[in-house]
>>> print(open('final_14.txt').read())   # compact mmCIF, C-alpha atoms
# COMPACT_ATOMS: atom_id res chain seq x y z
CA MET K 112 40.05 -120.26 19.74
CA ASP K 113 39.36 -116.54 19.61
CA SER K 114 42.24 -114.23 20.31
CA PRO K 115 41.60 -111.41 22.83
CA ASP K 116 41.44 -109.02 19.87
CA ASN K 117 38.67 -111.05 18.23
CA ILE K 118 36.75 -111.28 21.47
CA ARG K 119 36.92 -107.49 21.86
CA ARG K 120 35.71 -107.09 18.29
CA LYS K 121 32.72 -109.37 18.92
CA GLU K 122 31.88 -107.47 22.10
CA SER K 123 31.82 -104.25 20.14
CA THR K 124 28.84 -105.43 18.03
CA HIS K 125 25.83 -103.37 19.00
CA LYS K 126 22.73 -105.39 19.56
CA LEU K 127 19.54 -104.78 21.44
CA LEU K 128 16.59 -107.14 21.88
CA LEU K 129 13.41 -105.68 23.22
CA GLN K 130 10.07 -107.27 23.98
CA ALA K 131 7.25 -104.91 24.89
CA PRO K 132 3.48 -105.18 25.28
CA GLY K 133 1.66 -104.16 22.09
CA HIS K 134 0.16 -101.17 23.81
CA GLY K 135 0.45 -97.48 22.97
CA SER K 136 1.80 -96.61 26.41
CA TYR K 137 5.08 -98.38 25.49
CA LEU K 138 5.70 -96.51 22.23
CA ALA K 139 7.67 -93.69 23.85
CA HIS K 140 9.94 -96.16 25.68
CA ILE K 141 10.61 -98.10 22.47
CA ARG K 142 11.50 -95.09 20.32
CA VAL K 143 13.69 -93.51 23.01
CA ILE K 144 15.70 -96.73 23.46
CA VAL K 145 16.17 -97.19 19.69
CA GLY K 146 17.03 -93.50 19.21
CA ASP K 147 19.64 -93.67 21.98
CA LEU K 148 21.23 -96.74 20.38
CA ALA K 149 21.30 -94.98 16.99
CA ARG K 150 23.20 -92.05 18.56
CA LYS K 151 25.51 -94.42 20.40
CA VAL K 152 26.55 -96.17 17.17
CA GLY K 153 27.32 -92.88 15.43
CA PHE K 154 24.18 -91.48 13.78
CA ASP K 155 23.93 -87.71 14.06
CA GLU K 156 20.95 -86.03 15.71
CA ASP K 157 18.99 -85.59 12.45
CA ALA K 158 19.42 -89.23 11.41
CA ALA K 159 18.62 -90.49 14.92
CA ALA K 160 15.42 -88.40 14.94
CA LYS K 161 14.40 -90.00 11.62
CA ILE K 162 15.12 -93.51 12.90
CA GLU K 163 13.12 -92.77 16.05
CA MET K 164 10.16 -91.56 14.03
CA ALA K 165 10.26 -94.47 11.57
CA VAL K 166 10.33 -96.96 14.45
CA ASP K 167 7.50 -95.11 16.19
CA GLU K 168 5.38 -95.19 13.03
CA ALA K 169 6.03 -98.92 12.58
CA CYS K 170 5.19 -99.76 16.19
CA SER K 171 2.16 -97.45 16.15
CA ASN K 172 0.87 -99.41 13.14
CA VAL K 173 1.29 -102.67 15.07
CA VAL K 174 -0.69 -101.30 18.01
CA LYS K 175 -3.33 -99.60 15.89
CA HIS K 176 -3.77 -102.09 13.05
CA ALA K 177 -2.12 -105.48 13.71
CA TYR K 178 -3.52 -105.66 17.23
CA SER K 179 -6.69 -103.71 16.52
CA PRO K 180 -9.60 -105.09 18.57
CA ASP K 181 -11.82 -104.44 15.53
CA LYS K 182 -10.09 -107.12 13.47
CA GLU K 183 -10.15 -110.87 13.51
CA TRP K 184 -7.35 -112.17 15.71
CA CYS K 185 -4.86 -114.66 14.42
CA TRP K 186 -2.89 -114.51 17.67
CA GLN K 187 -5.69 -115.19 20.13
CA HIS K 188 -3.56 -117.58 22.14
CA ARG K 189 -0.76 -115.08 22.55
CA ASP K 190 -0.25 -111.84 24.38
CA PRO K 191 -0.11 -108.87 22.01
CA GLU K 192 3.60 -108.18 21.99
CA ILE K 193 6.06 -106.22 19.92
CA ARG K 194 9.54 -107.65 19.60
CA LEU K 195 12.41 -105.57 18.35
CA ASP K 196 15.80 -106.74 17.24
CA VAL K 197 18.06 -103.75 16.69
CA ARG K 198 21.65 -104.30 15.68
CA THR K 199 24.53 -102.94 13.71
CA GLU K 200 25.74 -104.87 10.68
CA GLY K 201 28.88 -103.21 9.45
CA SER K 202 28.04 -99.62 8.69
CA ARG K 203 24.28 -100.01 8.92
CA LEU K 204 21.65 -100.17 11.62
CA VAL K 205 19.07 -102.93 11.19
CA VAL K 206 15.74 -102.72 13.00
CA GLU K 207 13.40 -105.72 12.88
CA ILE K 208 9.96 -105.29 14.40
CA ASN K 209 7.93 -108.43 14.90
CA ASP K 210 4.30 -108.97 15.88
CA HIS K 211 1.74 -111.77 15.74
CA GLY K 212 -1.27 -109.66 14.90
CA GLN K 213 -3.27 -109.08 11.75
CA ARG K 214 -1.01 -109.11 8.72
CA PHE K 215 -0.72 -106.08 6.52
CA ASP K 216 -1.07 -106.38 2.75
CA PHE K 217 2.20 -104.58 2.12
CA ALA K 218 2.57 -105.95 -1.44
CA ASN K 219 -0.65 -104.30 -2.60
CA TYR K 220 -0.15 -101.11 -0.64
CA ARG K 221 -0.21 -98.11 -2.98
CA PRO K 222 2.07 -95.29 -1.86
CA VAL K 223 0.19 -92.12 -1.01
CA ASP K 224 0.90 -88.79 -2.64
CA ILE K 225 2.01 -86.81 0.38
CA GLU K 226 1.56 -83.47 -1.38
CA ASP K 227 -2.08 -84.32 -2.15
CA ARG K 228 -2.75 -85.49 1.40
CA LEU K 229 -1.26 -82.33 2.85
CA ARG K 230 -3.10 -80.09 0.40
CA GLU K 231 -6.36 -81.78 1.34
CA MET K 232 -5.29 -81.67 5.02
CA LYS K 233 -5.95 -85.37 5.55
CA ARG K 234 -5.45 -86.71 9.05
CA ASN K 235 -4.12 -90.19 8.26
CA GLY K 236 -1.91 -92.12 5.89
CA TYR K 237 1.56 -90.67 6.59
CA GLY K 238 3.15 -93.58 8.48
CA ILE K 239 4.46 -95.74 5.65
CA PHE K 240 5.57 -92.68 3.72
CA ILE K 241 7.65 -91.66 6.74
CA MET K 242 9.20 -95.12 7.13
CA ARG K 243 10.13 -95.32 3.45
CA ASN K 244 11.53 -91.82 3.34
CA PHE K 245 13.40 -91.81 6.63
CA MET K 246 14.98 -95.26 6.30
CA ASP K 247 17.13 -96.62 3.46
CA GLU K 248 15.39 -100.00 3.19
CA VAL K 249 11.95 -101.17 4.32
CA GLN K 250 10.73 -104.74 3.85
CA TYR K 251 7.75 -106.59 5.28
CA ASN K 252 7.35 -110.34 5.67
CA SER K 253 4.54 -112.36 7.11
CA ASN K 254 4.01 -116.04 7.81
CA ASP K 255 2.00 -118.13 10.24
CA GLN K 256 5.00 -119.42 12.15
CA THR K 257 7.05 -116.31 12.74
CA GLY K 258 4.33 -113.68 12.49
CA ASN K 259 4.82 -110.32 10.80
CA THR K 260 8.25 -108.76 10.56
CA LEU K 261 9.06 -105.30 9.33
CA ARG K 262 12.75 -104.87 8.60
CA MET K 263 14.17 -101.39 8.25
CA VAL K 264 17.77 -100.46 7.52
CA LYS K 265 19.59 -97.17 7.86
CA TYR K 266 23.11 -96.71 6.57
CA LEU K 267 25.62 -94.77 8.59
CA LYS K 268 26.85 -92.07 6.23
CA LYS K 269 30.56 -91.46 6.48
CA ALA K 270 31.59 -87.84 7.13
CA MET B 118 10.85 -89.04 29.56
CA LYS B 119 8.29 -86.33 30.27
CA GLU B 120 4.64 -87.19 30.72
CA PHE B 121 2.38 -85.62 28.09
CA ARG B 122 0.72 -82.51 29.48
CA ILE B 123 -1.82 -80.05 28.16
CA ASP B 124 -2.07 -76.71 29.95
CA PRO B 125 -4.61 -74.25 28.50
CA GLU B 126 -3.91 -70.57 29.18
CA PRO B 127 -6.58 -68.44 27.46
CA ARG B 128 -5.44 -65.12 25.97
CA GLY B 129 -8.68 -63.28 25.36
CA LEU B 130 -10.38 -64.89 22.37
CA VAL B 131 -7.30 -66.97 21.63
CA GLN B 132 -6.89 -70.34 23.32
CA LEU B 133 -3.19 -70.75 24.12
CA ILE B 134 -2.34 -74.34 25.04
CA ARG B 135 1.07 -75.29 26.38
CA LEU B 136 2.09 -78.82 25.45
CA SER B 137 4.85 -80.88 26.99
CA GLY B 138 6.14 -84.43 26.54
CA SER B 139 5.37 -86.56 23.50
CA LEU B 140 2.49 -86.12 21.09
CA ASP B 141 2.12 -89.61 19.62
CA MET B 142 -0.70 -92.04 18.80
CA TYR B 143 -1.08 -92.82 22.51
CA SER B 144 -1.30 -89.24 23.78
CA PHE B 145 -2.98 -87.36 20.92
CA PRO B 146 -6.56 -88.43 21.88
CA ARG B 147 -6.14 -86.23 24.97
CA LEU B 148 -5.32 -83.21 22.84
CA GLU B 149 -8.11 -84.20 20.50
CA ALA B 150 -10.58 -84.16 23.42
CA GLN B 151 -9.35 -80.71 24.51
CA LEU B 152 -9.61 -79.23 21.01
CA ASN B 153 -13.04 -80.79 20.46
CA ALA B 154 -14.17 -79.17 23.72
CA PHE B 155 -12.96 -75.74 22.52
CA PHE B 156 -14.59 -76.17 19.11
CA GLN B 157 -17.89 -77.17 20.70
CA GLN B 158 -17.78 -73.86 22.56
CA GLY B 159 -17.17 -72.05 19.27
CA ARG B 160 -13.53 -71.27 20.13
CA TYR B 161 -11.62 -71.72 16.90
CA TYR B 162 -8.56 -69.51 17.55
CA VAL B 163 -5.98 -71.90 18.93
CA VAL B 164 -2.23 -71.54 19.53
CA LEU B 165 -0.24 -74.58 20.61
CA ASP B 166 2.97 -73.73 22.44
CA CYS B 167 5.34 -76.61 21.63
CA GLN B 168 8.42 -75.39 23.54
CA GLU B 169 8.35 -78.32 25.99
CA LEU B 170 7.32 -80.90 23.41
CA ASP B 171 9.98 -83.53 22.78
CA TYR B 172 8.31 -85.61 20.07
CA VAL B 173 5.50 -85.42 17.51
CA GLY B 174 4.49 -88.48 15.51
CA SER B 175 2.39 -88.64 12.36
CA ALA B 176 -0.76 -89.37 14.39
CA GLY B 177 -0.22 -86.08 16.25
CA LEU B 178 0.66 -84.15 13.09
CA GLY B 179 -2.33 -85.60 11.24
CA ALA B 180 -4.62 -84.62 14.08
CA LEU B 181 -3.20 -81.08 14.08
CA ILE B 182 -3.85 -80.51 10.38
CA GLY B 183 -7.29 -82.08 10.75
CA PHE B 184 -8.14 -79.62 13.52
CA ALA B 185 -6.59 -76.71 11.62
CA LYS B 186 -8.80 -77.57 8.64
CA GLN B 187 -11.87 -77.75 10.87
CA ALA B 188 -11.00 -74.42 12.53
CA ARG B 189 -10.42 -72.71 9.16
CA GLU B 190 -13.90 -73.75 8.07
CA HIS B 191 -15.07 -71.54 10.95
CA ASN B 192 -12.69 -68.71 10.13
CA GLY B 193 -10.26 -69.80 12.84
CA ASP B 194 -7.01 -71.80 12.87
CA VAL B 195 -4.70 -73.99 14.90
CA ARG B 196 -1.21 -72.44 14.92
CA LEU B 197 2.07 -73.59 16.38
CA LEU B 198 4.41 -71.62 18.61
CA ASN B 199 8.01 -72.21 19.77
CA VAL B 200 8.52 -75.43 17.86
CA PRO B 201 11.88 -76.95 18.98
CA ASP B 202 14.46 -77.14 16.15
CA ARG B 203 14.58 -80.93 16.25
CA ILE B 204 10.81 -81.19 15.68
CA TYR B 205 10.72 -78.29 13.20
CA LYS B 206 13.30 -79.97 10.94
CA ILE B 207 11.19 -83.12 10.77
CA ILE B 208 7.85 -81.43 10.12
CA GLU B 209 9.43 -79.13 7.55
CA LEU B 210 11.00 -82.10 5.77
CA LEU B 211 7.61 -83.83 5.64
CA GLY B 212 5.90 -80.70 4.33
CA PHE B 213 3.64 -80.02 7.31
CA THR B 214 4.95 -76.46 7.62
CA LYS B 215 3.31 -75.72 4.26
CA VAL B 216 -0.11 -76.16 5.84
CA LEU B 217 0.47 -75.30 9.50
CA ARG B 218 1.42 -71.76 10.48
CA VAL B 219 4.34 -71.57 12.87
CA HIS B 220 5.22 -68.55 15.07
CA ASN B 221 8.29 -67.79 17.13
CA THR B 222 6.79 -65.51 19.77
CA GLU B 223 3.60 -65.67 21.77
CA GLU B 224 2.83 -62.04 20.87
CA ASP B 225 3.03 -62.80 17.14
CA ALA B 226 0.95 -65.94 17.44
CA VAL B 227 -1.83 -64.29 19.47
CA ALA B 228 -1.76 -61.08 17.42
CA SER B 229 -1.99 -63.06 14.15
CA PHE B 230 -5.66 -63.74 14.93
CA ALA B 231 -6.38 -60.04 15.54
CA THR B 232 -5.47 -59.19 11.94
CA ARG B 233 -8.06 -61.50 10.46
>>> encode(input="final_14.txt", output="structure tokens")
Amino acid sequence: MDSPDNIRRKESTHKLLLQAPGHGSYLAHIRVIVGDLARKVGFDEDAAAKIEMAVDEACSNVVKHAYSPDKEWCWQHRDPEIRLDVRTEGSRLVVEINDHGQRFDFANYRPVDIEDRLREMKRNGYGIFIMRNFMDEVQYNSNDQTGNTLRMVKYLKKA
Amino acid sequence: MKEFRIDPEPRGLVQLIRLSGSLDMYSFPRLEAQLNAFFQQGRYYVVLDCQELDYVGSAGLGALIGFAKQAREHNGDVRLLNVPDRIYKIIELLGFTKVLRVHNTEEDAVASFATR
């Protein structure tokens, strides 16, 4: 049986599950909630702003690409939803973003040269660069049962 | 959470636009429509006052550099004013401040077009 100390320790685990419609009008709510949790668990303002932006880019991609009405649906019997599982694991924040839309060919994605894009003043193509640069780990998995899951990790740097 | 707002306040030939709320992939089409309307009227001197802006995503930033490029092709520009520190740090880190001109006072931003 857990001692009161162990129970308190379990209660102190930070975890947030969020299920939102895959619609752009929910993006602000999602990033604000995740940003607030990041601050609550000890990230400073700069790190929390990066986490917020990385999450916003990931969820924007789900809305814009995975659930794009221009693409063939593989989730036609489902509502377009974004599910987030945000939790602390030791000294790191783990954000898992799940959808059941069109999968993204992450393995064959070629990183963009941000300097070139900026020099040419291109409008698009910054999202994945931002996720990879603002988070410490970014992984993407896709299968027919569980859908598409983007997992991002940010380590809490000790002062 | 503030609702995204666009409030144009013309300053002579310069189109000053005060933005508030979040400029993300959901809201930027509204700014896009406003800038397209100005460009169709041949108004390519634009200053965006960002003082009340609390977030800018890559869709918003991409749109801004796209419009700045379009304006520059017509001898104009899209310039930023009063960018909050929190947003400035992010856009500087990403390199967007190398291509977008940022001003700290309305006078500077408006006058910068007079020296062209």
>>> interface_residues(input="final_14.txt", of="chain B", to="chain K", cutoff="9 Å", atoms="only C-alpha atoms", output="PDB file with C-alpha atoms, keeping the file's coordinate frame")
ATOM      1  CA  MET B 118      10.850 -89.040  29.560  1.00  0.00           C
ATOM      2  CA  SER B 139       5.370 -86.560  23.500  1.00  0.00           C
ATOM      3  CA  ASP B 141       2.120 -89.610  19.620  1.00  0.00           C
ATOM      4  CA  MET B 142      -0.700 -92.040  18.800  1.00  0.00           C
ATOM      5  CA  TYR B 143      -1.080 -92.820  22.510  1.00  0.00           C
ATOM      6  CA  SER B 144      -1.300 -89.240  23.780  1.00  0.00           C
ATOM      7  CA  TYR B 172       8.310 -85.610  20.070  1.00  0.00           C
ATOM      8  CA  VAL B 173       5.500 -85.420  17.510  1.00  0.00           C
ATOM      9  CA  GLY B 174       4.490 -88.480  15.510  1.00  0.00           C
ATOM     10  CA  SER B 175       2.390 -88.640  12.360  1.00  0.00           C
ATOM     11  CA  ALA B 176      -0.760 -89.370  14.390  1.00  0.00           C
ATOM     12  CA  GLY B 177      -0.220 -86.080  16.250  1.00  0.00           C
ATOM     13  CA  LEU B 178       0.660 -84.150  13.090  1.00  0.00           C
ATOM     14  CA  GLY B 179      -2.330 -85.600  11.240  1.00  0.00           C
ATOM     15  CA  ALA B 180      -4.620 -84.620  14.080  1.00  0.00           C
ATOM     16  CA  LEU B 181      -3.200 -81.080  14.080  1.00  0.00           C
ATOM     17  CA  ILE B 182      -3.850 -80.510  10.380  1.00  0.00           C
ATOM     18  CA  GLY B 183      -7.290 -82.080  10.750  1.00  0.00           C
ATOM     19  CA  PHE B 184      -8.140 -79.620  13.520  1.00  0.00           C
ATOM     20  CA  ALA B 185      -6.590 -76.710  11.620  1.00  0.00           C
ATOM     21  CA  LYS B 186      -8.800 -77.570   8.640  1.00  0.00           C
ATOM     22  CA  ARG B 203      14.580 -80.930  16.250  1.00  0.00           C
ATOM     23  CA  ILE B 204      10.810 -81.190  15.680  1.00  0.00           C
ATOM     24  CA  LYS B 206      13.300 -79.970  10.940  1.00  0.00           C
ATOM     25  CA  ILE B 207      11.190 -83.120  10.770  1.00  0.00           C
ATOM     26  CA  LEU B 211       7.610 -83.830   5.640  1.00  0.00           C
ATOM     27  CA  GLY B 212       5.900 -80.700   4.330  1.00  0.00           C
ATOM     28  CA  PHE B 213       3.640 -80.020   7.310  1.00  0.00           C
ATOM     29  CA  LYS B 215       3.310 -75.720   4.260  1.00  0.00           C
ATOM     30  CA  VAL B 216      -0.110 -76.160   5.840  1.00  0.00           C
TER      31      VAL B 216
END
>>> atom_distance(input="final_14.txt", atom1="CA of Gln168 (chain B)", atom2="CA of Val152 (chain K)")
28.3 Å
>>> atom_distance(input="final_14.txt", atom1="CA of Phe230 (chain B)", atom2="CA of Leu217 (chain B)")
14.2 Å
>>> residues_near_point(input="final_14.txt", point="(7.2, -86.1, 24.7)", cutoff="7 Å", atoms="all atoms listed in the file", output="list in words")
Met118, Lys119, Glu120, Phe121, Ser137, Gly138, Ser139, Leu140, Leu170, Asp171 and Tyr172 of chain B
>>> write_last_selection(input="final_14.txt", atoms="C-alpha atoms", output="PDB file, in the coordinates of the input")
ATOM      1  CA  MET B 118      10.850 -89.040  29.560  1.00  0.00           C
ATOM      2  CA  LYS B 119       8.290 -86.330  30.270  1.00  0.00           C
ATOM      3  CA  GLU B 120       4.640 -87.190  30.720  1.00  0.00           C
ATOM      4  CA  PHE B 121       2.380 -85.620  28.090  1.00  0.00           C
ATOM      5  CA  SER B 137       4.850 -80.880  26.990  1.00  0.00           C
ATOM      6  CA  GLY B 138       6.140 -84.430  26.540  1.00  0.00           C
ATOM      7  CA  SER B 139       5.370 -86.560  23.500  1.00  0.00           C
ATOM      8  CA  LEU B 140       2.490 -86.120  21.090  1.00  0.00           C
ATOM      9  CA  LEU B 170       7.320 -80.900  23.410  1.00  0.00           C
ATOM     10  CA  ASP B 171       9.980 -83.530  22.780  1.00  0.00           C
ATOM     11  CA  TYR B 172       8.310 -85.610  20.070  1.00  0.00           C
TER      12      TYR B 172
END
>>> closest_residue(input="final_14.txt", among="B:Ser229, B:Thr222, B:Gln151, B:Thr214", to="Gly193 (chain B)", atoms="all atoms listed in the file")
B:Ser229
>>> residues_around(input="final_14.txt", residues="Phe215 (chain K)", least_positions_apart="5", cutoff="9 Å", atoms="all atoms listed in the file", output="list in words")
His176, Ala177, Tyr220, Tyr251, Ser253 and Asn259 of chain K
>>> atom_distance(input="final_14.txt", atom1="CA of Leu267 (chain K)", atom2="CA of Ile141 (chain K)")
20.7 Å
>>> residues_around(input="final_14.txt", residues="Glu192 (chain K)", least_positions_apart="4", cutoff="10 Å", atoms="only C-alpha atoms", output="list in words")
Gln130, Ala131, Pro132, Gly133, His134, Val173, Val174, Tyr178, Asn209, Asp210, His211 and Gly212 of chain K
>>> residues_around(input="final_14.txt", residues="Met246 (chain K)", least_positions_apart="2", cutoff="10 Å", atoms="only C-alpha atoms", output="list of chain:residue names")
K:Ala158, K:Lys161, K:Ile162, K:Met164, K:Ala165, K:Val166, K:Leu204, K:Val205, K:Ile241, K:Met242, K:Arg243, K:Asn244, K:Glu248, K:Val249, K:Met263, K:Val264, K:Lys265, K:Tyr266
>>> decode(input="final_14.txt", residues="region 164-177 of chain B", atoms="N, CA and C atoms", output="PDB file, in the first residue's frame")
ATOM      1  N   VAL B 164       2.567  50.131 -42.013  1.00  0.00           N
ATOM      2  CA  VAL B 164       3.194  49.948 -40.698  1.00  0.00           C
ATOM      3  C   VAL B 164       2.210  49.167 -39.825  1.00  0.00           C
ATOM      4  N   LEU B 165       2.688  48.068 -39.261  1.00  0.00           N
ATOM      5  CA  LEU B 165       1.838  47.264 -38.382  1.00  0.00           C
ATOM      6  C   LEU B 165       2.259  47.497 -36.932  1.00  0.00           C
ATOM      7  N   ASP B 166       1.364  48.105 -36.162  1.00  0.00           N
ATOM      8  CA  ASP B 166       1.645  48.340 -34.746  1.00  0.00           C
ATOM      9  C   ASP B 166       1.278  47.070 -33.969  1.00  0.00           C
ATOM     10  N   CYS B 167       2.306  46.442 -33.393  1.00  0.00           N
ATOM     11  CA  CYS B 167       2.129  45.124 -32.755  1.00  0.00           C
ATOM     12  C   CYS B 167       2.022  45.201 -31.233  1.00  0.00           C
ATOM     13  N   GLN B 168       1.909  46.413 -30.693  1.00  0.00           N
ATOM     14  CA  GLN B 168       1.947  46.581 -29.230  1.00  0.00           C
ATOM     15  C   GLN B 168       0.960  45.663 -28.489  1.00  0.00           C
ATOM     16  N   GLU B 169      -0.218  45.495 -29.039  1.00  0.00           N
ATOM     17  CA  GLU B 169      -1.252  44.692 -28.359  1.00  0.00           C
ATOM     18  C   GLU B 169      -1.325  43.247 -28.875  1.00  0.00           C
ATOM     19  N   LEU B 170      -0.295  42.875 -29.626  1.00  0.00           N
ATOM     20  CA  LEU B 170      -0.271  41.512 -30.174  1.00  0.00           C
ATOM     21  C   LEU B 170       0.310  40.575 -29.118  1.00  0.00           C
ATOM     22  N   ASP B 171      -0.339  39.431 -28.874  1.00  0.00           N
ATOM     23  CA  ASP B 171       0.239  38.550 -27.855  1.00  0.00           C
ATOM     24  C   ASP B 171       0.848  37.268 -28.427  1.00  0.00           C
ATOM     25  N   TYR B 172       0.685  37.061 -29.736  1.00  0.00           N
ATOM     26  CA  TYR B 172       1.291  35.865 -30.332  1.00  0.00           C
ATOM     27  C   TYR B 172       1.398  36.044 -31.843  1.00  0.00           C
ATOM     28  N   VAL B 173       2.508  35.565 -32.406  1.00  0.00           N
ATOM     29  CA  VAL B 173       2.626  35.475 -33.869  1.00  0.00           C
ATOM     30  C   VAL B 173       3.183  34.092 -34.198  1.00  0.00           C
ATOM     31  N   GLY B 174       2.470  33.352 -35.023  1.00  0.00           N
ATOM     32  CA  GLY B 174       2.934  32.034 -35.458  1.00  0.00           C
ATOM     33  C   GLY B 174       3.622  32.135 -36.804  1.00  0.00           C
ATOM     34  N   SER B 175       4.152  30.997 -37.274  1.00  0.00           N
ATOM     35  CA  SER B 175       4.906  31.042 -38.534  1.00  0.00           C
ATOM     36  C   SER B 175       4.013  31.384 -39.724  1.00  0.00           C
ATOM     37  N   ALA B 176       2.712  31.029 -39.640  1.00  0.00           N
ATOM     38  CA  ALA B 176       1.809  31.391 -40.742  1.00  0.00           C
ATOM     39  C   ALA B 176       1.712  32.914 -40.838  1.00  0.00           C
ATOM     40  N   GLY B 177       1.619  33.565 -39.675  1.00  0.00           N
ATOM     41  CA  GLY B 177       1.548  35.033 -39.646  1.00  0.00           C
ATOM     42  C   GLY B 177       2.848  35.660 -40.105  1.00  0.00           C
TER      43      GLY B 177
END
